[in-house]
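Colleague: Structure file run.txt (compact mmCIF, C-alpha atoms) is given on the next line.
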# COMPACT_ATOMS: atom_id res chain seq x y z
CA MET A 1 -55.79 -45.00 92.83
CA GLU A 2 -57.45 -45.02 96.20
CA SER A 3 -58.00 -48.76 96.25
CA ARG A 4 -54.82 -49.37 98.18
CA GLU A 5 -55.51 -46.63 100.67
CA GLY A 6 -56.36 -47.28 104.28
CA PRO A 7 -54.13 -48.16 107.17
CA ASP A 8 -50.54 -48.24 106.08
CA ARG A 9 -49.27 -51.69 105.76
CA ALA A 10 -46.02 -53.06 107.01
CA PRO A 11 -43.46 -53.98 104.38
CA ALA A 12 -43.86 -57.55 105.56
CA GLU A 13 -46.94 -57.63 103.38
CA MET A 14 -45.20 -56.22 100.35
CA ALA A 15 -44.23 -58.59 97.61
CA PRO A 16 -41.38 -57.66 95.24
CA GLY A 17 -43.96 -57.31 92.47
CA GLU A 18 -45.87 -54.71 94.46
CA ALA A 19 -42.67 -52.79 95.15
CA ALA A 20 -41.93 -52.90 91.43
CA SER A 21 -45.40 -51.46 90.75
CA ALA A 22 -44.71 -48.62 93.19
CA ILE A 23 -41.40 -47.88 91.45
CA ALA A 24 -43.19 -47.95 88.08
CA ALA A 25 -45.72 -45.42 89.43
CA ILE A 26 -42.83 -43.18 90.51
CA ASP A 27 -41.28 -43.48 87.05
CA GLY A 28 -44.67 -42.61 85.56
CA SER A 29 -44.91 -39.45 87.67
CA ARG A 30 -41.40 -38.42 86.63
CA SER A 31 -42.20 -39.00 82.96
CA TRP A 32 -45.39 -36.97 83.27
CA LEU A 33 -43.43 -34.13 84.84
CA ALA A 34 -40.65 -34.39 82.23
CA ASP A 35 -43.23 -34.18 79.42
CA ARG A 36 -44.83 -31.17 81.07
CA ILE A 37 -41.49 -29.33 81.27
CA ILE A 38 -41.01 -29.47 77.48
CA ALA A 39 -41.92 -26.09 76.04
CA PRO A 40 -44.19 -25.83 72.98
CA CYS A 41 -42.35 -25.65 69.64
CA TRP A 42 -43.00 -21.92 69.18
CA TYR A 43 -41.52 -21.03 72.59
CA HIS A 44 -37.84 -21.17 71.64
CA LEU A 45 -38.63 -19.73 68.22
CA ALA A 46 -40.08 -16.68 69.99
CA PHE A 47 -36.85 -16.30 71.99
CA GLY A 48 -34.88 -16.65 68.75
CA LEU A 49 -36.95 -14.00 67.00
CA LEU A 50 -36.47 -11.63 69.94
CA ALA A 51 -32.69 -12.16 69.93
CA GLY A 52 -32.50 -12.02 66.14
CA GLY A 53 -34.57 -8.84 66.12
CA VAL A 54 -32.21 -7.06 68.50
CA ILE A 55 -29.19 -8.03 66.40
CA ALA A 56 -30.83 -7.32 63.04
CA GLU A 57 -32.08 -3.86 64.00
CA ALA A 58 -28.43 -2.73 64.39
CA GLU A 59 -28.55 -2.48 60.60
CA ILE A 60 -30.58 0.74 61.10
CA ARG A 61 -27.64 2.30 63.03
CA SER A 62 -29.86 4.21 65.47
CA TRP A 63 -29.14 4.26 69.20
CA THR A 64 -32.77 5.09 69.94
CA VAL A 65 -34.07 2.09 68.01
CA PHE A 66 -31.36 -0.05 69.60
CA ALA A 67 -32.43 1.04 73.11
CA TRP A 68 -36.06 0.25 72.33
CA SER A 69 -35.19 -3.13 70.86
CA VAL A 70 -33.17 -4.07 73.95
CA ALA A 71 -36.09 -3.02 76.14
CA ALA A 72 -38.50 -5.05 73.98
CA TYR A 73 -36.13 -8.03 74.16
CA THR A 74 -35.94 -7.82 77.96
CA VAL A 75 -39.70 -7.47 78.42
CA GLY A 76 -40.39 -10.17 75.82
CA CYS A 77 -38.03 -12.69 77.42
CA GLY A 78 -39.46 -11.92 80.86
CA ALA A 79 -43.03 -12.38 79.61
CA LEU A 80 -42.18 -15.67 77.90
CA MET A 81 -40.48 -17.05 81.00
CA TRP A 82 -43.36 -15.90 83.22
CA TRP A 83 -45.90 -17.55 80.91
CA ASN A 84 -43.90 -20.79 80.79
CA GLN A 85 -43.55 -20.84 84.55
CA ARG A 86 -47.35 -20.49 84.88
CA ARG A 87 -47.92 -23.18 82.26
CA VAL A 88 -45.60 -25.73 83.86
CA GLY A 89 -46.72 -24.93 87.41
CA VAL A 90 -43.45 -25.92 89.02
CA SER A 91 -40.39 -24.10 90.20
CA MET A 92 -37.12 -25.90 89.66
CA THR A 93 -33.40 -25.42 89.27
CA TYR A 94 -32.96 -25.16 85.53
CA PHE A 95 -29.21 -24.82 85.58
CA ASP A 96 -26.88 -27.68 86.26
CA ALA A 97 -23.44 -28.32 84.72
CA ARG A 98 -24.85 -29.47 81.37
CA THR A 99 -27.58 -26.87 80.86
CA ARG A 100 -25.17 -24.17 82.01
CA ALA A 101 -22.68 -25.36 79.38
CA VAL A 102 -25.38 -25.19 76.67
CA PHE A 103 -26.38 -21.70 77.83
CA ALA A 104 -22.73 -20.56 77.84
CA GLY A 105 -22.24 -22.02 74.36
CA HIS A 106 -25.34 -20.20 73.13
CA ILE A 107 -24.16 -16.87 74.56
CA LEU A 108 -20.71 -17.41 73.02
CA ALA A 109 -22.25 -18.24 69.64
CA LEU A 110 -24.42 -15.11 69.69
CA SER A 111 -21.48 -13.00 70.86
CA GLY A 112 -19.37 -14.40 68.02
CA LEU A 113 -22.12 -13.61 65.52
CA ILE A 114 -22.41 -10.05 66.80
CA ALA A 115 -18.63 -9.57 66.78
CA PHE A 116 -18.39 -10.93 63.22
CA ALA A 117 -21.30 -8.69 62.11
CA CYS A 118 -19.60 -5.67 63.72
CA TRP A 119 -16.36 -6.45 61.90
CA LEU A 120 -18.14 -6.97 58.58
CA GLY A 121 -20.66 -4.14 58.90
CA LEU A 122 -18.73 -1.43 60.72
CA ASP A 123 -15.12 -2.15 59.77
CA ARG A 124 -15.47 -3.58 56.25
CA GLY A 125 -18.64 -1.67 55.36
CA ALA A 126 -20.56 -4.77 54.26
CA HIS A 127 -24.30 -4.33 53.84
CA ALA A 128 -26.85 -6.45 55.73
CA ALA A 129 -24.20 -8.00 58.01
CA PHE A 130 -26.34 -7.43 61.12
CA LEU A 131 -29.44 -8.60 59.30
CA ALA A 132 -27.71 -11.87 58.38
CA ALA A 133 -26.42 -12.27 61.94
CA GLY A 134 -29.93 -11.70 63.28
CA VAL A 135 -31.35 -14.35 60.97
CA LEU A 136 -28.63 -16.81 62.05
CA ALA A 137 -29.34 -16.09 65.72
CA VAL A 138 -32.83 -17.61 65.38
CA PRO A 139 -31.82 -21.22 64.64
CA PHE A 140 -28.93 -20.96 67.15
CA THR A 141 -31.42 -20.00 69.85
CA VAL A 142 -33.96 -22.66 68.88
CA VAL A 143 -31.30 -25.40 68.89
CA ALA A 144 -29.94 -24.28 72.28
CA GLY A 145 -33.45 -24.14 73.72
CA ARG A 146 -34.48 -27.56 72.47
CA TRP A 147 -31.17 -29.01 73.66
CA THR A 148 -31.75 -27.55 77.12
CA ASP A 149 -35.28 -29.01 77.16
CA LYS A 150 -33.87 -32.42 76.24
CA LEU A 151 -31.32 -32.26 79.07
CA LEU A 152 -33.97 -31.15 81.58
CA ARG A 153 -36.26 -33.95 80.46
CA ALA A 154 -33.50 -36.55 80.90
CA ARG A 155 -32.67 -35.14 84.33
CA LEU A 156 -36.28 -35.29 85.49
CA GLN A 157 -36.79 -38.80 84.17
CA ALA A 158 -33.69 -39.90 86.04
CA GLY A 159 -35.19 -38.38 89.19
CA GLN A 160 -32.29 -36.03 89.81
CA MET B 1 -23.40 -40.66 98.92
CA THR B 2 -25.90 -43.54 99.08
CA THR B 3 -29.25 -43.21 100.83
CA ALA B 4 -30.03 -45.66 103.63
CA ALA B 5 -33.03 -47.81 102.71
CA ARG B 6 -35.86 -47.11 105.14
CA PHE B 7 -39.46 -48.11 104.62
CA ASP B 8 -41.72 -45.18 105.46
CA GLU B 9 -45.41 -45.89 106.01
CA ILE B 10 -46.42 -42.26 105.54
CA VAL B 11 -44.74 -42.03 102.14
CA HIS B 12 -45.82 -45.53 101.14
CA ALA B 13 -49.49 -44.79 100.31
CA PRO B 14 -49.69 -44.71 96.46
CA ASN B 15 -50.93 -41.14 96.14
CA ARG B 16 -48.48 -39.82 98.71
CA LEU B 17 -45.65 -41.68 96.99
CA GLN B 18 -46.54 -39.97 93.71
CA ILE B 19 -46.81 -36.59 95.42
CA CYS B 20 -43.32 -37.09 96.83
CA ALA B 21 -42.04 -38.32 93.43
CA ILE B 22 -43.24 -35.12 91.76
CA LEU B 23 -42.02 -32.82 94.51
CA SER B 24 -38.63 -34.53 94.78
CA ALA B 25 -37.78 -33.46 91.22
CA VAL B 26 -38.60 -29.77 91.65
CA SER B 27 -38.11 -26.96 94.14
CA SER B 28 -41.87 -26.48 94.48
CA ALA B 29 -45.02 -27.30 92.57
CA GLU B 30 -48.43 -25.69 92.50
CA PHE B 31 -51.28 -27.59 94.10
CA ALA B 32 -53.17 -27.67 90.79
CA THR B 33 -50.15 -29.13 88.98
CA VAL B 34 -49.77 -31.95 91.50
CA ARG B 35 -53.52 -32.62 91.37
CA GLU B 36 -53.30 -32.88 87.59
CA GLY B 37 -50.35 -35.23 87.85
CA LEU B 38 -52.20 -37.55 90.22
CA GLY B 39 -55.56 -37.23 88.49
CA VAL B 40 -57.44 -36.88 91.77
CA ALA B 41 -59.93 -34.42 93.23
CA ASP B 42 -58.89 -31.41 95.30
CA SER B 43 -60.25 -33.02 98.47
CA VAL B 44 -58.24 -36.21 97.95
CA LEU B 45 -55.02 -34.32 97.35
CA SER B 46 -55.71 -32.03 100.34
CA LYS B 47 -56.10 -35.06 102.59
CA HIS B 48 -52.76 -36.53 101.52
CA VAL B 49 -50.98 -33.20 101.66
CA ARG B 50 -52.27 -32.70 105.20
CA VAL B 51 -50.85 -36.08 106.24
CA LEU B 52 -47.48 -35.25 104.69
CA HIS B 53 -47.52 -31.77 106.17
CA GLU B 54 -48.32 -33.04 109.68
CA ALA B 55 -45.43 -35.49 109.35
CA GLY B 56 -43.15 -32.58 108.51
CA TYR B 57 -42.52 -33.91 105.00
CA VAL B 58 -44.19 -31.19 102.94
CA ASP B 59 -44.27 -27.43 103.23
CA VAL B 60 -47.44 -25.68 102.12
CA HIS B 61 -47.04 -22.11 100.98
CA LYS B 62 -49.96 -19.87 100.11
CA SER B 63 -49.58 -16.64 98.18
CA THR B 64 -52.08 -14.21 96.77
CA CYS B 65 -51.79 -13.14 93.15
CA ALA B 66 -54.47 -10.96 91.52
CA SER B 67 -56.87 -11.73 94.40
CA ARG B 68 -56.42 -15.48 93.83
CA VAL B 69 -54.80 -17.68 96.42
CA ARG B 70 -52.14 -19.90 94.94
CA THR B 71 -50.96 -22.88 96.96
CA SER B 72 -47.57 -24.36 96.30
CA LEU B 73 -46.05 -27.47 97.81
CA SER B 74 -42.46 -28.42 98.42
CA LEU B 75 -40.66 -31.30 100.09
CA THR B 76 -38.88 -30.50 103.32
CA ARG B 77 -35.44 -31.88 104.01
CA ALA B 78 -37.03 -34.57 106.19
CA GLY B 79 -39.52 -35.34 103.43
CA ARG B 80 -36.79 -35.70 100.85
CA ALA B 81 -34.82 -38.00 103.14
CA ALA B 82 -37.93 -40.10 103.85
CA TYR B 83 -38.77 -40.35 100.16
CA ASP B 84 -35.21 -41.23 99.16
CA GLY B 85 -35.03 -43.84 101.91
CA HIS B 86 -38.39 -45.30 100.94
CA LEU B 87 -37.42 -45.48 97.28
CA ALA B 88 -34.21 -47.24 98.24
CA ALA B 89 -36.25 -49.68 100.36
CA LEU B 90 -38.57 -50.41 97.42
CA ARG B 91 -35.56 -51.04 95.21
CA ALA B 92 -34.10 -53.30 97.87
CA ILE B 93 -37.33 -55.31 98.01
CA VAL B 94 -37.36 -55.62 94.24
CA SER B 95 -33.77 -56.74 94.14
CA ASN B 96 -34.29 -58.94 97.22
CA GLU B 97 -31.47 -57.23 99.06
CA ALA B 98 -31.53 -56.71 102.78
CA PHE B 99 -32.29 -53.23 104.03
CA ASP B 100 -32.40 -51.63 107.39
CA ALA B 101 -35.95 -51.08 108.51
CA SER B 102 -35.07 -51.21 112.16
CA ALA B 103 -36.57 -47.82 112.99
CA HIS B 104 -40.05 -48.97 112.06
CA HIS B 105 -39.98 -52.67 111.46
CA ALA B 106 -38.03 -55.83 111.86
CA ALA B 107 -35.15 -56.79 109.63
CA LEU B 108 -35.66 -57.71 105.98
CA PRO B 109 -35.56 -61.52 106.18
CA ASN B 110 -38.83 -61.35 108.07
CA LEU B 111 -40.30 -58.69 105.84
CA ILE B 112 -40.24 -59.86 102.29
CA ARG B 113 -42.94 -62.27 101.37
CA THR B 114 -41.58 -64.81 98.95
In structure tokens, what does this structure look like?
Modeller:
Amino acid sequence: MESREGPDRAPAEMAPGEAASAIAAIDGSRSWLADRIIAPCWYHLAFGLLAGGVIAEAEIRSWTVFAWSVAAYTVGCGALMWWNQRRVGVSMTYFDARTRAVFAGHILALSGLIAFACWLGLDRGAHAAFLAAGVLAVPFTVVAGRWTDKLLRARLQAGQ
Amino acid sequence: MTTAARFDEIVHAPNRLQICAILSAVSSAEFATVREGLGVADSVLSKHVRVLHEAGYVDVHKSTCASRVRTSLSLTRAGRAAYDGHLAALRAIVSNEAFDASAHHAALPNLIRT
């Protein structure tokens, strides 16, 4: 790595092949960073379980339990994000037009699930409606998380 | 908006180019993360960061967390412009297109070794 160190050379000495090598090194750094950004497989599952847990516990119909589950969800999400930030070691703008659209779609999907569970469970008196919605929230969250990771990875590799 | 191609000798050194490549993609990165990305020793990275910092290309921010000092690095606006210009210059060399290196060097026809 240090072999080409020393006094900076003028571009007059740079052959197109050497410039191509420098660009390849830049691409390599971007790829390394993009790989580092990808969260471990359990990361989004943990978010999904937290979200699913909050929705599913509504089956108990207790405001106290609901308040505790929301608090646990908030603390859990915060802890996961803090841990991931420490793991990656970089601070970056996660939201752009595409990732924001995925996030909005995820929130809409969860909201729809909750609304449907409320209609089934509270209005129609169906049993386990919130439990089913909570279970469904897990894969929704995992898919949205992995999709966001994929978009971030593509963005980093493109150097944007 | 396209970036004007401009060869930058400070950015050009391989390790500094990689530092800039990593920092250009993020808001800031921890010193340890950049060191891991480059695969160099602390002292080597410190030397290059000092050069970039003295050129006004990199900001160094130190914070204390649980009695440990954490150093984070970020590209300044000037650093980002220099890196973007240098990358455009490299691409111009590769594609054999003329670029404006007038601030530091002569024009391209005299620069590219064929």
Colleague: Enter the distance from CA of Tyr73 in chain A to CA of Leu49 in chain A, in Å, rounded to one decimal.
Modeller: 9.4 Å
Colleague: Quick one: of A:Gly53, A:His44, A:Asn84, A:Arg100, who's nearest to Thr141 in chain A, counting all atoms listed in the file?
Modeller: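 Under the stated criterion, the closest residue is A:His44.
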Colleague: Taking only C-alpha atoms into account, which residues of chain B are within 6 Å of chain A, as a ChimeraX atom specification?
Modeller: /B:9,18,21,25-30,33,90,93-94,111-113
Colleague: Hey, can you spit out that residue selection with C-alpha atoms as a short mmCIF file (atom, residue, chain, number, x, y, z; two decimals), in the frame of the given file?
Modeller:
data_model
loop_
_atom_site.label_atom_id
_atom_site.label_comp_id
_atom_site.auth_asym_id
_atom_site.auth_seq_id
_atom_site.Cartn_x
_atom_site.Cartn_y
_atom_site.Cartn_z
CA GLU B 9 -45.41 -45.89 106.01
CA GLN B 18 -46.54 -39.97 93.71
CA ALA B 21 -42.04 -38.32 93.43
CA ALA B 25 -37.78 -33.46 91.22
CA VAL B 26 -38.60 -29.77 91.65
CA SER B 27 -38.11 -26.96 94.14
CA SER B 28 -41.87 -26.48 94.48
CA ALA B 29 -45.02 -27.30 92.57
CA GLU B 30 -48.43 -25.69 92.50
CA THR B 33 -50.15 -29.13 88.98
CA LEU B 90 -38.57 -50.41 97.42
CA ILE B 93 -37.33 -55.31 98.01
CA VAL B 94 -37.36 -55.62 94.24
CA LEU B 111 -40.30 -58.69 105.84
CA ILE B 112 -40.24 -59.86 102.29
CA ARG B 113 -42.94 -62.27 101.37
#
Colleague: Residues at most 6 Å from range 129-137 of chain A, counting all atoms listed in the file, excluding those fewer than 6 positions away in the same chain, as a PyMOL selection string?
Modeller: chain A and resi 52+55-56+59+113+117+121
Colleague: Could you tell me how far CA of Leu73 in chain B lies from CA of Ser43 in chain B, in Å and to one decimal?
Modeller: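 Taking CA of Leu73 in chain B and CA of Ser43 in chain B, their separation equals 15.3 Å.
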Colleague: CA of Pro40 in chain A and CA of Phe66 in chain A, how far apart in Å?
Modeller: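 Separation of CA of Phe66 in chain A and CA of Pro40 in chain A: 29.0 Å.
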Colleague: If I put a ball of radius 12 Å at (-28.7, -25.8, 82.5) in the file's coordinates, which residues poke into it when counting only C-alpha atoms, written as a PyMOL selection string?
Modeller: chain A and resi 92-106+144-155
Colleague: Using all atoms listed in the file, which of B:Thr76, B:Ser46, B:Thr3, B:Ser95 sits nearest Asn15 in chain B?
Modeller: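 The answer is B:Ser46, which sits nearest to Asn15 in chain B.
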Colleague: Pick out the closest residue to His48 in chain B from this set: B:Ser74, B:Ala13, B:Ala66, B:Ser24. Count only C-alpha atoms.
Modeller: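 The closest residue to His48 in chain B is B:Ala13.
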Colleague: For Val58 in chain B, find every residue with an atom within 10 Å (counting only C-alpha atoms), except residues of its own chain fewer than 2 positions away, and show them as a list of chain:residue names.
Modeller: B:Ile19, B:Cys20, B:Leu23, B:Ser28, B:Val49, B:Arg50, B:Val51, B:Leu52, B:His53, B:Glu54, B:Ala55, B:Gly56, B:Val60, B:His61, B:Leu73, B:Ser74, B:Leu75, B:Thr76, B:Arg77, B:Ala78, B:Gly79, B:Arg80
Colleague: I'd like the neighbourhood of Val69 in chain B as an MDAnalysis selection string, where a residue qualifies if any of its atoms comes within 12 Å (using all atoms listed in the file), though same-chain residues fewer than 4 positions away should be ignored.
Modeller: chainID B and resid 30:32 61:65
Colleague: Kindly save the residues from that selection, with C-alpha atoms included, as a compact mmCIF listing (two decimals), in the frame of the given file.
Modeller:
# COMPACT_ATOMS: atom_id res chain seq x y z
CA GLU B 30 -48.43 -25.69 92.50
CA PHE B 31 -51.28 -27.59 94.10
CA ALA B 32 -53.17 -27.67 90.79
CA HIS B 61 -47.04 -22.11 100.98
CA LYS B 62 -49.96 -19.87 100.11
CA SER B 63 -49.58 -16.64 98.18
CA THR B 64 -52.08 -14.21 96.77
CA CYS B 65 -51.79 -13.14 93.15
Colleague: Starting from the incomplete input, reconstruct N, CA and C atoms of range 11-36 of chain A and report them as an mmCIF file, in the frame of the given file.
Modeller:
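Full text of part_3.cif as output:
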data_model
loop_
_atom_site.group_PDB
_atom_site.id
_atom_site.type_symbol
_atom_site.label_atom_id
_atom_site.label_comp_id
_atom_site.auth_asym_id
_atom_site.auth_seq_id
_atom_site.Cartn_x
_atom_site.Cartn_y
_atom_site.Cartn_z
ATOM 1 N N PRO A 11 -44.106 -53.422 105.554
ATOM 2 C CA PRO A 11 -43.460 -53.980 104.380
ATOM 3 C C PRO A 11 -43.478 -55.491 104.365
ATOM 4 N N ALA A 12 -43.781 -56.095 105.527
ATOM 5 C CA ALA A 12 -43.860 -57.550 105.560
ATOM 6 C C ALA A 12 -44.882 -58.060 104.558
ATOM 7 N N GLU A 13 -45.886 -57.197 104.288
ATOM 8 C CA GLU A 13 -46.940 -57.630 103.380
ATOM 9 C C GLU A 13 -46.604 -57.317 101.932
ATOM 10 N N MET A 14 -45.486 -56.678 101.705
ATOM 11 C CA MET A 14 -45.200 -56.220 100.350
ATOM 12 C C MET A 14 -44.369 -57.234 99.574
ATOM 13 N N ALA A 15 -44.938 -57.665 98.492
ATOM 14 C CA ALA A 15 -44.230 -58.590 97.610
ATOM 15 C C ALA A 15 -43.334 -57.771 96.677
ATOM 16 N N PRO A 16 -42.259 -58.396 96.177
ATOM 17 C CA PRO A 16 -41.380 -57.660 95.240
ATOM 18 C C PRO A 16 -42.150 -57.089 94.055
ATOM 19 N N GLY A 17 -43.175 -57.803 93.605
ATOM 20 C CA GLY A 17 -43.960 -57.310 92.470
ATOM 21 C C GLY A 17 -44.683 -56.021 92.810
ATOM 22 N N GLU A 18 -45.164 -55.925 94.044
ATOM 23 C CA GLU A 18 -45.870 -54.710 94.460
ATOM 24 C C GLU A 18 -44.900 -53.538 94.576
ATOM 25 N N ALA A 19 -43.694 -53.835 95.078
ATOM 26 C CA ALA A 19 -42.670 -52.790 95.150
ATOM 27 C C ALA A 19 -42.294 -52.323 93.753
ATOM 28 N N ALA A 20 -42.238 -53.264 92.812
ATOM 29 C CA ALA A 20 -41.930 -52.900 91.430
ATOM 30 C C ALA A 20 -43.024 -52.010 90.849
ATOM 31 N N SER A 21 -44.281 -52.295 91.225
ATOM 32 C CA SER A 21 -45.400 -51.460 90.750
ATOM 33 C C SER A 21 -45.277 -50.042 91.298
ATOM 34 N N ALA A 22 -44.878 -49.938 92.578
ATOM 35 C CA ALA A 22 -44.710 -48.620 93.190
ATOM 36 C C ALA A 22 -43.599 -47.844 92.491
ATOM 37 N N ILE A 23 -42.508 -48.539 92.160
ATOM 38 C CA ILE A 23 -41.400 -47.880 91.450
ATOM 39 C C ILE A 23 -41.849 -47.456 90.058
ATOM 40 N N ALA A 24 -42.669 -48.296 89.412
ATOM 41 C CA ALA A 24 -43.190 -47.950 88.080
ATOM 42 C C ALA A 24 -44.078 -46.706 88.164
ATOM 43 N N ALA A 25 -44.855 -46.606 89.256
ATOM 44 C CA ALA A 25 -45.720 -45.420 89.430
ATOM 45 C C ALA A 25 -44.858 -44.168 89.605
ATOM 46 N N ILE A 26 -43.757 -44.308 90.332
ATOM 47 C CA ILE A 26 -42.830 -43.180 90.510
ATOM 48 C C ILE A 26 -42.249 -42.767 89.163
ATOM 49 N N ASP A 27 -41.826 -43.772 88.387
ATOM 50 C CA ASP A 27 -41.280 -43.480 87.050
ATOM 51 C C ASP A 27 -42.328 -42.789 86.181
ATOM 52 N N GLY A 28 -43.589 -43.220 86.325
ATOM 53 C CA GLY A 28 -44.670 -42.610 85.560
ATOM 54 C C GLY A 28 -44.853 -41.147 85.919
ATOM 55 N N SER A 29 -44.774 -40.842 87.215
ATOM 56 C CA SER A 29 -44.910 -39.450 87.670
ATOM 57 C C SER A 29 -43.773 -38.597 87.127
ATOM 58 N N ARG A 30 -42.565 -39.160 87.148
ATOM 59 C CA ARG A 30 -41.400 -38.420 86.630
ATOM 60 C C ARG A 30 -41.557 -38.162 85.133
ATOM 61 N N SER A 31 -42.021 -39.169 84.414
ATOM 62 C CA SER A 31 -42.200 -39.000 82.960
ATOM 63 C C SER A 31 -43.252 -37.943 82.678
ATOM 64 N N TRP A 32 -44.328 -37.960 83.457
ATOM 65 C CA TRP A 32 -45.390 -36.970 83.270
ATOM 66 C C TRP A 32 -44.814 -35.563 83.483
ATOM 67 N N LEU A 33 -44.021 -35.424 84.531
ATOM 68 C CA LEU A 33 -43.430 -34.130 84.840
ATOM 69 C C LEU A 33 -42.436 -33.708 83.743
ATOM 70 N N ALA A 34 -41.644 -34.679 83.273
ATOM 71 C CA ALA A 34 -40.650 -34.390 82.230
ATOM 72 C C ALA A 34 -41.350 -33.932 80.947
ATOM 73 N N ASP A 35 -42.469 -34.574 80.609
ATOM 74 C CA ASP A 35 -43.230 -34.180 79.420
ATOM 75 C C ASP A 35 -43.802 -32.773 79.593
ATOM 76 N N ARG A 36 -44.209 -32.467 80.806
ATOM 77 C CA ARG A 36 -44.830 -31.170 81.070
ATOM 78 C C ARG A 36 -43.807 -30.027 80.948
#
